[in-house]
file data36.tsv (TSV, C-alpha atoms and all ligand atoms)
chain	number	residue	atom	x	y	z
A	20	MET	CA	18.20	1.80	-9.40
A	21	ASP	CA	21.87	1.95	-8.53
A	22	GLY	CA	22.68	-0.52	-5.79
A	23	ALA	CA	19.05	-1.52	-5.43
A	24	GLN	CA	18.38	-5.08	-4.41
A	25	VAL	CA	15.45	-5.72	-6.72
A	26	THR	CA	16.94	-8.16	-9.21
A	27	ALA	CA	15.89	-9.16	-12.68
A	28	THR	CA	14.17	-12.22	-11.22
A	29	ALA	CA	12.40	-10.38	-8.41
A	30	PRO	CA	8.70	-9.90	-9.18
A	31	VAL	CA	7.17	-6.45	-8.75
A	32	PHE	CA	3.48	-6.04	-7.99
A	33	ILE	CA	1.48	-2.86	-7.53
A	34	LEU	CA	-1.74	-2.72	-5.53
A	35	LEU	CA	-3.95	0.13	-6.72
A	36	GLY	CA	-7.11	1.34	-5.03
A	37	PRO	CA	-8.55	4.13	-2.90
A	38	PRO	CA	-7.85	4.48	0.82
A	39	GLY	CA	-9.70	1.70	2.63
A	40	ALA	CA	-9.73	-0.69	-0.34
A	41	GLY	CA	-7.65	-3.18	1.64
A	42	LYS	CA	-4.25	-2.65	-0.01
A	43	GLY	CA	-2.35	-2.88	3.28
A	44	THR	CA	-4.27	-5.90	4.56
A	45	GLN	CA	-3.86	-7.78	1.30
A	46	ALA	CA	-0.21	-6.81	0.87
A	47	ARG	CA	0.53	-8.25	4.32
A	48	MET	CA	-1.29	-11.47	3.44
A	49	LEU	CA	0.71	-11.77	0.21
A	50	GLN	CA	3.90	-11.12	2.14
A	51	ASP	CA	3.07	-13.93	4.58
A	52	ALA	CA	1.91	-16.36	1.89
A	53	HIS	CA	4.45	-15.76	-0.87
A	54	GLY	CA	7.45	-14.22	0.87
A	55	PHE	CA	7.38	-10.98	-1.10
A	56	VAL	CA	8.10	-7.77	0.77
A	57	GLN	CA	5.26	-5.32	1.42
A	58	LEU	CA	6.48	-1.82	0.59
A	59	SER	CA	4.05	0.76	1.92
A	60	THR	CA	5.06	4.37	1.29
A	61	GLY	CA	2.48	5.37	3.92
A	62	ASP	CA	4.31	3.22	6.52
A	63	LEU	CA	7.69	4.56	5.39
A	64	LEU	CA	6.42	8.14	5.66
A	65	ARG	CA	4.87	7.54	9.11
A	66	ALA	CA	8.22	6.12	10.24
A	67	ALA	CA	10.00	9.21	8.86
A	68	VAL	CA	7.53	11.47	10.72
A	69	ALA	CA	8.06	9.52	13.95
A	70	ALA	CA	11.85	9.67	13.53
A	71	GLY	CA	11.72	13.42	12.85
A	72	THR	CA	13.80	13.23	9.65
A	73	ASP	CA	13.76	16.16	7.19
A	74	ALA	CA	11.45	14.17	4.90
A	75	GLY	CA	9.20	13.39	7.87
A	76	LYS	CA	9.02	17.04	8.90
A	77	ALA	CA	8.08	18.06	5.36
A	78	ALA	CA	5.46	15.30	5.07
A	79	LYS	CA	3.72	15.59	8.45
A	80	ALA	CA	1.26	18.44	7.82
A	81	VAL	CA	0.42	17.21	4.30
A	82	MET	CA	-0.42	13.75	5.64
A	83	GLU	CA	-2.53	15.14	8.46
A	84	ALA	CA	-4.53	17.13	5.92
A	85	GLY	CA	-5.06	14.09	3.68
A	86	GLY	CA	-2.99	15.49	0.82
A	87	LEU	CA	-0.25	13.80	-1.19
A	88	VAL	CA	3.38	14.21	-0.15
A	89	SER	CA	5.60	15.56	-2.96
A	90	ASP	CA	6.82	13.11	-5.59
A	91	ASP	CA	10.47	13.96	-4.82
A	92	ILE	CA	10.19	12.94	-1.17
A	93	VAL	CA	8.19	9.77	-1.80
A	94	ILE	CA	10.36	8.57	-4.67
A	95	ALA	CA	13.55	9.14	-2.61
A	96	ILE	CA	12.09	7.20	0.35
A	97	LEU	CA	10.99	4.31	-1.85
A	98	LYS	CA	14.28	4.16	-3.74
A	99	ASP	CA	16.17	4.02	-0.47
A	100	ARG	CA	14.02	1.16	0.87
A	101	LEU	CA	14.48	-0.81	-2.36
A	102	THR	CA	18.20	-1.07	-1.64
A	103	ASP	CA	17.49	-3.28	1.40
A	104	GLU	CA	18.48	-6.89	0.91
A	105	ASP	CA	15.04	-8.37	1.58
A	106	CYS	CA	13.64	-6.65	-1.54
A	107	ALA	CA	15.52	-9.19	-3.69
A	108	ARG	CA	12.64	-11.60	-2.83
A	109	GLY	CA	10.23	-9.42	-4.82
A	110	VAL	CA	8.05	-6.54	-3.72
A	111	ILE	CA	4.41	-5.60	-3.36
A	112	LEU	CA	4.01	-1.86	-3.70
A	113	ASP	CA	1.19	-0.69	-1.44
A	114	GLY	CA	0.22	2.96	-1.89
A	115	PHE	CA	2.86	3.67	-4.53
A	116	PRO	CA	2.74	5.00	-7.19
A	117	ARG	CA	0.00	7.55	-6.49
A	118	THR	CA	0.69	10.01	-9.32
A	119	THR	CA	1.68	9.72	-12.98
A	120	GLY	CA	5.04	11.30	-12.05
A	121	GLN	CA	5.68	8.52	-9.51
A	122	ALA	CA	4.62	5.85	-12.05
A	123	GLU	CA	7.06	7.23	-14.61
A	124	ALA	CA	9.84	7.38	-12.01
A	125	LEU	CA	9.16	3.76	-11.09
A	126	ASP	CA	9.32	2.74	-14.76
A	127	GLU	CA	12.73	4.40	-15.00
A	128	LEU	CA	14.04	2.75	-11.82
A	129	LEU	CA	12.91	-0.67	-12.98
A	130	ALA	CA	14.25	-0.20	-16.53
A	131	GLU	CA	17.67	0.69	-15.08
A	132	ALA	CA	17.60	-2.57	-13.11
A	133	GLY	CA	16.43	-4.62	-16.13
A	134	GLN	CA	13.23	-5.23	-14.21
A	135	HIS	CA	9.53	-4.95	-15.03
A	136	ILE	CA	6.12	-4.77	-13.37
A	137	ASN	CA	4.55	-8.22	-13.22
A	138	ALA	CA	1.06	-6.88	-12.50
A	139	ALA	CA	-0.71	-3.73	-11.33
A	140	ILE	CA	-3.79	-5.02	-9.54
A	141	SER	CA	-6.69	-2.62	-9.06
A	142	LEU	CA	-8.81	-3.33	-5.97
A	143	GLU	CA	-12.27	-2.15	-6.99
A	144	VAL	CA	-14.53	-0.89	-4.23
A	145	ASP	CA	-17.60	1.20	-3.67
A	146	ASP	CA	-16.48	4.69	-2.63
A	147	ALA	CA	-19.39	5.23	-0.26
A	148	ALA	CA	-18.34	2.22	1.83
A	149	MET	CA	-14.76	3.43	2.25
A	150	VAL	CA	-15.37	6.02	4.96
A	151	ALA	CA	-17.08	3.45	7.22
A	152	ARG	CA	-14.37	0.90	6.49
A	153	ILE	CA	-11.57	3.26	7.36
A	154	SER	CA	-13.11	4.76	10.46
A	155	GLY	CA	-13.39	1.31	12.06
A	156	ARG	CA	-9.86	0.14	11.48
A	157	PHE	CA	-6.99	-0.28	13.92
A	158	THR	CA	-3.70	-2.17	14.09
A	159	CYS	CA	-1.65	-4.00	16.69
A	160	GLY	CA	0.97	-1.64	18.08
A	161	ASN	CA	3.47	-4.49	18.29
A	162	CYS	CA	3.24	-6.69	15.17
A	163	GLY	CA	1.18	-4.38	12.92
A	164	GLU	CA	-1.63	-6.88	12.26
A	165	GLY	CA	-4.67	-5.00	10.92
A	166	TYR	CA	-8.19	-5.24	12.41
A	167	HIS	CA	-11.60	-3.64	12.00
A	168	ASP	CA	-14.30	-3.01	14.61
A	169	VAL	CA	-16.94	-4.72	12.44
A	170	HIS	CA	-15.25	-6.70	9.65
A	171	LYS	CA	-12.27	-8.15	11.48
A	172	PRO	CA	-12.46	-7.78	15.29
A	173	THR	CA	-9.88	-9.40	17.55
A	174	ALA	CA	-11.00	-12.75	19.02
A	175	VAL	CA	-10.45	-11.37	22.53
A	176	LEU	CA	-11.39	-7.72	22.92
A	177	GLY	CA	-8.28	-5.51	22.85
A	178	THR	CA	-5.81	-8.40	22.38
A	179	CYS	CA	-3.94	-9.10	19.15
A	180	ASP	CA	-4.78	-12.57	17.75
A	181	LYS	CA	-1.30	-12.90	16.30
A	182	CYS	CA	1.05	-11.80	19.08
A	183	GLY	CA	-1.11	-11.28	22.20
A	184	ASN	CA	-0.16	-7.61	22.58
A	185	THR	CA	-2.82	-5.34	24.09
A	186	HIS	CA	-1.72	-1.98	22.70
A	187	MET	CA	-3.82	-1.14	19.64
A	188	LYS	CA	-3.27	1.88	17.38
A	189	ARG	CA	-5.62	4.01	15.26
A	190	ARG	CA	-4.16	6.28	12.60
A	191	ALA	CA	-4.44	10.05	13.11
A	192	ASP	CA	-5.57	10.53	9.49
A	193	ASP	CA	-8.38	7.95	9.71
A	194	ASN	CA	-11.03	10.55	10.62
A	195	ALA	CA	-14.02	11.36	8.36
A	196	GLU	CA	-12.77	14.79	7.21
A	197	THR	CA	-9.27	13.61	6.26
A	198	VAL	CA	-10.62	10.46	4.64
A	199	ALA	CA	-12.87	12.57	2.39
A	200	GLN	CA	-9.82	14.59	1.31
A	201	ARG	CA	-7.80	11.41	0.72
A	202	LEU	CA	-10.59	10.06	-1.51
A	203	THR	CA	-10.68	13.33	-3.49
A	204	GLU	CA	-6.92	13.15	-4.00
A	205	TYR	CA	-7.24	9.52	-5.07
A	206	HIS	CA	-9.77	10.30	-7.78
A	207	LYS	CA	-7.90	13.33	-9.05
A	208	LYS	CA	-4.31	12.05	-9.02
A	209	THR	CA	-4.19	8.26	-8.57
A	210	ALA	CA	-7.21	6.83	-10.43
A	211	PRO	CA	-5.67	7.85	-13.81
A	212	LEU	CA	-2.99	5.21	-13.14
A	213	ILE	CA	-5.56	2.50	-13.89
A	214	ALA	CA	-5.57	3.62	-17.54
A	215	TYR	CA	-1.78	4.10	-17.39
A	216	TYR	CA	-1.19	0.44	-16.48
A	217	GLU	CA	-3.93	-0.79	-18.78
A	218	GLY	CA	-2.02	0.90	-21.60
A	219	LYS	CA	1.10	-1.01	-20.55
A	220	GLY	CA	-0.79	-4.31	-20.59
A	221	VAL	CA	-0.15	-5.15	-16.92
A	222	LEU	CA	-3.48	-4.14	-15.36
A	223	GLN	CA	-5.62	-6.70	-13.55
A	224	SER	CA	-8.82	-5.88	-11.66
A	225	LEU	CA	-10.46	-7.47	-8.69
A	226	ASP	CA	-13.78	-6.87	-6.92
A	227	ALA	CA	-12.58	-6.04	-3.40
A	228	MET	CA	-15.96	-5.55	-1.69
A	229	GLY	CA	-16.38	-9.13	-0.45
A	230	GLU	CA	-14.92	-11.23	2.37
A	231	ILE	CA	-11.25	-10.58	3.09
A	232	ASP	CA	-10.28	-14.28	2.84
A	233	ALA	CA	-12.00	-14.73	-0.52
A	234	ILE	CA	-10.29	-11.64	-1.90
A	235	THR	CA	-6.93	-12.90	-0.59
A	236	ALA	CA	-7.45	-16.25	-2.32
A	237	THR	CA	-8.23	-14.62	-5.67
A	238	LEU	CA	-5.36	-12.17	-5.32
A	239	SER	CA	-2.97	-14.96	-4.39
A	240	GLY	CA	-3.85	-16.82	-7.57
A	241	MET	CA	-3.29	-13.68	-9.67
A	242	VAL	CA	0.09	-13.08	-8.04
A	243	ARG	CA	1.22	-16.69	-8.40
A	244	GLU	CA	0.33	-16.62	-12.08
A	245	ALA	CA	1.94	-13.25	-12.79
A	246	ALA	CA	5.10	-14.06	-10.81
A	247	GLY	CA	5.91	-17.03	-13.01
A	301	LIG	P1	-1.45	5.30	3.27
A	301	LIG	O1	-0.88	4.67	4.49
A	301	LIG	O2	-1.04	4.63	1.99
A	301	LIG	O3	-2.95	5.49	3.36
A	301	LIG	O4	-0.82	6.78	3.19
A	301	LIG	C1	-1.04	7.72	4.21
A	301	LIG	C2	-0.66	9.10	3.72
A	301	LIG	O5	0.74	9.13	3.38
A	301	LIG	C3	-1.37	9.56	2.46
A	301	LIG	O6	-2.64	10.13	2.73
A	301	LIG	C4	-0.38	10.58	1.90
A	301	LIG	O7	-0.44	11.80	2.63
A	301	LIG	C5	0.95	9.93	2.23
A	301	LIG	N1	1.41	9.03	1.14
A	301	LIG	C6	1.58	7.67	1.19
A	301	LIG	N2	2.03	7.19	0.03
A	301	LIG	C7	2.16	8.27	-0.80
A	301	LIG	C8	2.56	8.43	-2.15
A	301	LIG	N3	2.93	7.38	-2.92
A	301	LIG	N4	2.59	9.69	-2.66
A	301	LIG	C9	2.24	10.76	-1.93
A	301	LIG	N5	1.82	10.69	-0.64
A	301	LIG	C10	1.78	9.45	-0.09

call {"tool": "encode", "arguments": {"input": "data36.tsv", "output": "structure tokens", "more": "lines below"}}
Ligand code: AMP
result
Amino acid sequence: MDGAQVTATAPVFILLGPPGAGKGTQARMLQDAHGFVQLSTGDLLRAAVAAGTDAGKAAKAVMEAGGLVSDDIVIAILKDRLTDEDCARGVILDGFPRTTGQAEALDELLAEAGQHINAAISLEVDDAAMVARISGRFTCGNCGEGYHDVHKPTAVLGTCDKCGNTHMKRRADDNAETVAQRLTEYHKKTAPLIAYYEGKGVLQSLDAMGEIDAITATLSGMVREAAG
């Protein structure tokens, strides 16, 4: 990880789980509570698409179809982000790695930096509930706070609780057809990573079907322990 800011003392956490498991929501909570940096390859790719970069152009159609963007593109984007100064605080990888190739590339990057994975935490959820969960979600267009029509509505309809903004966003790939494809991809290419990290002795699992706050509290404890 030449020039990367992740240092030997910076903890590295991975959140594993299918789309809709709550990786983004929980990663943001951990960022707020512990000061680690949430690194979402989905967010980085959406920013690349919006900016019209070469990587964004290559990724756009794949993302819209619910497929996985090529390892080369995703690894390059992640590596680039890791060189930012804030990553020296420690990182929470949200949505990366998603393939064995990405996991192996991450191992190499961390080994070069004398760094290791503190924990890979698998958010365990019931697949059938994921489509409903995803189709109700939206975020604040200003601060990015996540909401859900049923599970986490805004206190005042259409107004962000955190920043008061009234422009809410729904993701283009959060429709039933694309979600089904994303779940298929997850089971085929990403679920094997649970065994991968179990084999490395860093896997922890968490029932992520309950209340968001209770899950955050449990996750926070796991992270505090593993960061030490
Ligand atoms: P997410 O925001 O994590 O749900 O990701 C949204 C979409 O971005 C996914 O459905 C993929 O098309 C793409 N994507 C995000 N992270 C990765 C990754 N690590 N590898 C491949 N594609 C990814």

call {"tool": "residues_near_point", "arguments": {"input": "data36.tsv", "point": "(-8.6, -4.0, -0.3)", "cutoff": "9 Å", "atoms": "only C-alpha atoms", "output": "number ranges by chain"}}
result
A: 34-46, 142-144, 226-228, 231, 234

call {"tool": "atom_distance", "arguments": {"input": "data36.tsv", "atom1": "CA of Ile33 (chain A)", "atom2": "CA of Phe115 (chain A)"}}
result
7.3 Å

call {"tool": "closest_residue", "arguments": {"input": "data36.tsv", "among": "A:Val68, A:Thr158, A:Asn184, A:Leu49", "to": "Pro172 (chain A)", "atoms": "only C-alpha atoms"}}
result
A:Thr158

call {"tool": "closest_residue", "arguments": {"input": "data36.tsv", "among": "A:Ala130, A:Val198, A:Ala74, A:Val221", "to": "Arg152 (chain A)", "atoms": "only C-alpha atoms"}}
result
A:Val198

call {"tool": "residues_near_ligand", "arguments": {"input": "data36.tsv", "ligand": "ligand LIG 301 (chain A)", "cutoff": "8 Å", "atoms": "all atoms listed in the file", "output": "ChimeraX atom specification"}}
result
/A:38-39,43,59-62,64-65,78,81-90,93-94,113-118,121,192,201

call {"tool": "residues_near_point", "arguments": {"input": "data36.tsv", "point": "(6.2, -14.4, -8.4)", "cutoff": "9 Å", "atoms": "all atoms listed in the file", "output": "list in words"}}
result
Thr28, Ala29, Pro30, Val31, Phe32, His53, Phe55, Arg108, Gly109, Asn137, Val242, Arg243, Glu244, Ala245, Ala246 and Gly247 of chain A

call {"tool": "atom_distance", "arguments": {"input": "data36.tsv", "atom1": "CA of Leu58 (chain A)", "atom2": "CA of Leu97 (chain A)"}}
result
8.0 Å

call {"tool": "closest_residue", "arguments": {"input": "data36.tsv", "among": "A:Asp51, A:Glu164, A:Glu204, A:Asp193", "to": "Ile111 (chain A)", "atoms": "only C-alpha atoms"}}
result
A:Asp51

call {"tool": "atom_distance", "arguments": {"input": "data36.tsv", "atom1": "CA of Leu222 (chain A)", "atom2": "CA of Gly165 (chain A)"}}
result
26.3 Å

call {"tool": "closest_residue", "arguments": {"input": "data36.tsv", "among": "A:Val56, A:Ala174, A:Ala69, A:Leu202", "to": "Val150 (chain A)", "atoms": "all atoms listed in the file"}}
result
A:Leu202

call {"tool": "closest_residue", "arguments": {"input": "data36.tsv", "among": "A:Ala210, A:Leu63, A:Leu128, A:Leu225", "to": "Gly240 (chain A)", "atoms": "all atoms listed in the file"}}
result
A:Leu225

call {"tool": "closest_residue", "arguments": {"input": "data36.tsv", "among": "A:Lys188, A:Lys171, A:Ile92, A:Gln134", "to": "Ala67 (chain A)", "atoms": "only C-alpha atoms"}}
result
A:Ile92

call {"tool": "residues_around", "arguments": {"input": "data36.tsv", "residues": "Leu176 (chain A)", "least_positions_apart": "6", "cutoff": "12 Å", "atoms": "only C-alpha atoms", "output": "list in words"}}
result
Tyr166, His167, Asp168, Gly183, Asn184, Thr185, His186 and Met187 of chain A

call {"tool": "decode", "arguments": {"input": "data36.tsv", "residues": "region 92-191 of chain A", "atoms": "C-alpha atoms", "output": "short mmCIF file (atom, residue, chain, number, x, y, z; two decimals), in the first residue's frame"}}
result
data_model
loop_
_atom_site.label_atom_id
_atom_site.label_comp_id
_atom_site.auth_asym_id
_atom_site.auth_seq_id
_atom_site.Cartn_x
_atom_site.Cartn_y
_atom_site.Cartn_z
CA ILE A 92 -11.64 -1.13 -10.91
CA VAL A 93 -12.85 -1.61 -7.34
CA ILE A 94 -9.41 -2.41 -5.93
CA ALA A 95 -7.90 0.66 -7.66
CA ILE A 96 -10.65 2.91 -6.27
CA LEU A 97 -10.26 1.56 -2.76
CA LYS A 98 -6.47 1.76 -2.83
CA ASP A 99 -6.67 5.37 -3.93
CA ARG A 100 -9.09 6.28 -1.11
CA LEU A 101 -6.86 4.59 1.47
CA THR A 102 -4.13 7.13 0.75
CA ASP A 103 -6.30 9.92 2.21
CA GLU A 104 -5.07 11.21 5.53
CA ASP A 105 -8.25 10.49 7.49
CA CYS A 106 -7.77 6.72 6.95
CA ALA A 107 -4.93 6.80 9.50
CA ARG A 108 -7.71 6.81 12.16
CA GLY A 109 -8.72 3.29 11.12
CA VAL A 110 -11.26 2.12 8.58
CA ILE A 111 -14.53 0.25 8.37
CA LEU A 112 -14.83 -1.44 5.00
CA ASP A 113 -18.47 -1.45 3.93
CA GLY A 114 -19.18 -3.50 0.80
CA PHE A 115 -15.56 -4.50 0.24
CA PRO A 116 -14.26 -7.12 -0.32
CA ARG A 117 -17.03 -8.79 -2.32
CA THR A 118 -15.01 -11.50 -4.07
CA THR A 119 -12.16 -13.81 -3.08
CA GLY A 120 -9.92 -11.89 -5.52
CA GLN A 121 -10.67 -8.63 -3.67
CA ALA A 122 -10.06 -10.32 -0.29
CA GLU A 123 -6.67 -11.58 -1.45
CA ALA A 124 -5.77 -8.14 -2.84
CA LEU A 125 -6.70 -6.57 0.49
CA ASP A 126 -4.52 -9.08 2.35
CA GLU A 127 -1.61 -8.09 0.12
CA LEU A 128 -2.19 -4.35 0.59
CA LEU A 129 -2.36 -4.72 4.36
CA ALA A 130 0.68 -7.03 4.53
CA GLU A 131 2.72 -4.42 2.60
CA ALA A 132 1.70 -1.83 5.19
CA GLY A 133 2.46 -4.16 8.14
CA GLN A 134 -1.24 -4.05 8.91
CA HIS A 135 -3.89 -6.67 9.63
CA ILE A 136 -7.66 -7.14 9.76
CA ASN A 137 -8.92 -6.68 13.31
CA ALA A 138 -12.28 -8.32 12.59
CA ALA A 139 -14.52 -9.31 9.71
CA ILE A 140 -18.03 -9.02 11.11
CA SER A 141 -20.81 -10.89 9.34
CA LEU A 142 -24.24 -9.27 9.68
CA GLU A 143 -26.62 -12.22 9.55
CA VAL A 144 -30.07 -11.58 8.14
CA ASP A 145 -33.04 -13.38 6.67
CA ASP A 146 -32.81 -13.12 2.88
CA ALA A 147 -36.56 -12.89 2.39
CA ALA A 148 -36.70 -9.70 4.48
CA MET A 149 -33.99 -7.95 2.47
CA VAL A 150 -36.09 -6.94 -0.53
CA ALA A 151 -38.65 -5.17 1.68
CA ARG A 152 -35.89 -3.54 3.70
CA ILE A 153 -34.11 -2.20 0.66
CA SER A 154 -37.15 -1.00 -1.21
CA GLY A 155 -38.13 1.27 1.69
CA ARG A 156 -34.82 2.98 2.20
CA PHE A 157 -33.74 6.51 1.38
CA THR A 158 -31.00 8.94 2.43
CA CYS A 159 -30.65 12.64 3.06
CA GLY A 160 -29.31 14.31 -0.07
CA ASN A 161 -27.22 16.68 2.04
CA CYS A 162 -25.62 14.79 4.95
CA GLY A 163 -26.20 11.20 3.78
CA GLU A 164 -28.09 10.06 6.90
CA GLY A 165 -29.96 6.84 6.10
CA TYR A 166 -33.72 6.33 6.69
CA HIS A 167 -36.40 3.75 6.01
CA ASP A 168 -40.12 4.25 5.32
CA VAL A 169 -41.07 1.74 8.05
CA HIS A 170 -38.05 1.02 10.26
CA LYS A 171 -36.51 4.47 10.53
CA PRO A 172 -38.76 7.28 9.26
CA THR A 173 -37.78 10.93 9.67
CA ALA A 174 -39.39 12.62 12.71
CA VAL A 175 -40.91 15.25 10.40
CA LEU A 176 -42.04 13.89 7.04
CA GLY A 177 -39.49 14.69 4.33
CA THR A 178 -37.07 16.51 6.65
CA CYS A 179 -33.70 15.11 7.74
CA ASP A 180 -33.50 14.70 11.55
CA LYS A 181 -29.78 15.42 11.49
CA CYS A 182 -29.39 18.47 9.25
CA GLY A 183 -32.92 19.69 8.42
CA ASN A 184 -32.48 19.28 4.67
CA THR A 185 -35.62 18.39 2.70
CA HIS A 186 -34.08 16.74 -0.35
CA MET A 187 -34.19 12.96 0.07
CA LYS A 188 -32.62 10.45 -2.32
CA ARG A 189 -33.50 6.87 -3.30
CA ARG A 190 -30.91 4.75 -5.08
CA ALA A 191 -31.57 3.78 -8.71
#
